[in-house]
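Student: Before I ask anything, here is the structure I am working with.
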Amino acid sequence: MKIINVIKNSPAGKAGIKAGSRLISINGHGIHDCLDYMFYGDDFGLEFETFLMDKQRHCKNKCIFCFIDQLPKNMRETLYFKDDDSRLSFLQGNYISLTNLTEREVRRIINMKLSVNVSVHTTDKALRVKMLGNKNAGEALEHLYRIARANTPINCQVVICPGVNDGAHLEKTLSDLASLGVSSIACVPVGLTKFRKNLTPLVPFNKESANAALEIIEKHENVYASDELYLLAERELPAFEQYGDFPQYENGVGMLRLLEHEFGGKKLKAKRKKSIATGVSAAPFIKKLAGESAQVYAIKNDFFGHSVTVAGLITGGDLIKQLLPHRGSLGEELLIPATMLRAGEDVFLDDVTVGDVEKELGVKVRVVEIDGAALYGALTD
């Protein structure tokens, strides 16, 4: 691994290591990438060409439910990259299918006791081959079984497609994973956009199918359904305490209950001086929290299709188009959740900026983190 910089006064700097040198091993352990380096001694003060110290791994699957395959053309190039990189599972919480794992990496996961996040979807090998579009997807489950037998922490994800891996298949999958002693399992409904031409025909969830899935999910311990599934079923969300330490938060599990908890149970009755824009699914919940303090607008997703109801996939164009009739009555500020934007930037998925929205709607836009206390503060200051 080529060293591009040595931090001044670091152990490596004091030892006389220079940029341009190559790191081969640490205490006899070969260094192949960032995980090896971080595990065996990342405080040395060495910097490399990339964070991973290697190329990011592209997904080899052709999943029938892949959201990236349902994106329209001519969006930002980065949106079309499919990763399936085990290192990002450990470092950033990404979920991996295991089809990219080598024997060396399986042994490393076991030896280092690294917590791994796995997209399982089904434990039926033949069905997994069909769902992931990869002839090795069924046999890749053997990696999961080996890792589990070594008592390595595992969080699992199941994307449920009605008529494909629900019903008896879902029951078998959850039972099989429970027998492995995995830490937690998230069940999320398939997300379908209107851009599915020439893709495997799939049907969206409705109230009946969502309730049927929940009947199965709720019979198992350490299995969590996403908030969206409860909203689709028109059922009350589980109590805050049932989510434990929120192990599947990034899968949209318990987000609304945690938001409510952080909000503090305060009732806001102030005159509406601000507005909130959010997704269709979360809008009723946000309205209850905001009370009389803000007008809440549920933004329909014309860009991807109305079956997409989460706030994180709302585009700037839809936001402008649907709020333009309300220009002049949006109050002092328009609050939007940070998930609508690219991380650390002020750009929506369609490259519309926050500044563009402010100009078109004639109102200041405030980006609010997904945190109940932050929302309360934005509504009351």
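Chain identifiers are assigned as A, B, and so on, following the order in which chains appear in the structure tokens; residues are numbered from 1 within each chain, and ligands are numbered from 1 in order of appearance.
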Env of Lys172 of chain A: 10 Å cut, atoms = only C-alpha atoms, seq-sep filter 5 positions within chain, self excluded. Answer as a list in words.

Tutor: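 Here the qualifying residues turn out to be Thr122, Thr123, Asp124, Asn165, Asp166, Gly167, Leu177 and Ala178 of chain A.
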
Student: Residues at most 8 Å from segment 242-259 of chain A, counting only C-alpha atoms, excluding those fewer than 6 positions away in the same chain, as JSON, numbers by chain?

Tutor: {"A": [155, 184, 185, 186, 188, 224, 225, 226, 227, 228, 282, 285, 370, 371, 372, 373]}

Student: Tell me which protein, DNA and RNA residues are within 9 Å of Ile299 of chain A, counting only C-alpha atoms, leaving out same-chain ones fewer than 5 positions away, and put them as a list of chain:residue names.

Tutor: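 The residues satisfying every condition are A:Ala277, A:Thr278, A:Gly279, A:Val280, A:Ala283, A:Thr309, A:Ala311, A:Ile314, A:Asp318, A:Leu319, A:Gln322, A:Leu323.
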
Student: Within 8 Å of Ser275 of chain A, counting only C-alpha atoms, which residues show up once you throw out same-chain ones fewer than 2 positions away? Write them as a PDB file with N, CA and C atoms, in the first residue's frame, please.

Tutor:
```pdb
ATOM      1  N   ARG A 272     -49.307  29.276  13.882  1.00  0.00           N
ATOM      2  CA  ARG A 272     -48.456  28.782  12.804  1.00  0.00           C
ATOM      3  C   ARG A 272     -47.654  29.907  12.158  1.00  0.00           C
ATOM      4  N   LYS A 273     -46.324  29.827  12.336  1.00  0.00           N
ATOM      5  CA  LYS A 273     -45.442  30.803  11.717  1.00  0.00           C
ATOM      6  C   LYS A 273     -44.455  30.146  10.761  1.00  0.00           C
ATOM      7  N   ALA A 277     -42.185  20.501   5.239  1.00  0.00           N
ATOM      8  CA  ALA A 277     -42.418  19.637   4.081  1.00  0.00           C
ATOM      9  C   ALA A 277     -41.793  18.281   4.372  1.00  0.00           C
ATOM     10  N   ALA A 294     -47.088  24.679  13.165  1.00  0.00           N
ATOM     11  CA  ALA A 294     -46.632  24.703  11.779  1.00  0.00           C
ATOM     12  C   ALA A 294     -47.643  24.036  10.870  1.00  0.00           C
ATOM     13  N   GLN A 295     -47.663  24.478   9.633  1.00  0.00           N
ATOM     14  CA  GLN A 295     -48.452  23.823   8.603  1.00  0.00           C
ATOM     15  C   GLN A 295     -47.581  22.732   7.981  1.00  0.00           C
ATOM     16  N   VAL A 296     -48.057  21.497   7.969  1.00  0.00           N
ATOM     17  CA  VAL A 296     -47.284  20.380   7.428  1.00  0.00           C
ATOM     18  C   VAL A 296     -47.810  20.019   6.044  1.00  0.00           C
ATOM     19  N   TYR A 297     -46.895  19.948   5.086  1.00  0.00           N
ATOM     20  CA  TYR A 297     -47.248  19.602   3.715  1.00  0.00           C
ATOM     21  C   TYR A 297     -46.686  18.225   3.368  1.00  0.00           C
ATOM     22  N   LEU A 330     -46.193  30.474   3.441  1.00  0.00           N
ATOM     23  CA  LEU A 330     -45.370  29.425   4.046  1.00  0.00           C
ATOM     24  C   LEU A 330     -44.745  29.864   5.368  1.00  0.00           C
ATOM     25  N   GLY A 331     -44.987  31.118   5.735  1.00  0.00           N
ATOM     26  CA  GLY A 331     -44.497  31.606   7.017  1.00  0.00           C
ATOM     27  C   GLY A 331     -43.059  32.067   6.990  1.00  0.00           C
ATOM     28  N   GLU A 333     -40.313  30.407   7.834  1.00  0.00           N
ATOM     29  CA  GLU A 333     -39.349  29.406   7.365  1.00  0.00           C
ATOM     30  C   GLU A 333     -40.078  28.169   6.859  1.00  0.00           C
ATOM     31  N   LEU A 334     -39.438  27.487   5.922  1.00  0.00           N
ATOM     32  CA  LEU A 334     -39.881  26.175   5.486  1.00  0.00           C
ATOM     33  C   LEU A 334     -38.865  25.162   6.012  1.00  0.00           C
ATOM     34  N   LEU A 335     -39.313  24.238   6.850  1.00  0.00           N
ATOM     35  CA  LEU A 335     -38.425  23.231   7.427  1.00  0.00           C
ATOM     36  C   LEU A 335     -38.472  21.973   6.573  1.00  0.00           C
TER      37      LEU A 335
END
```
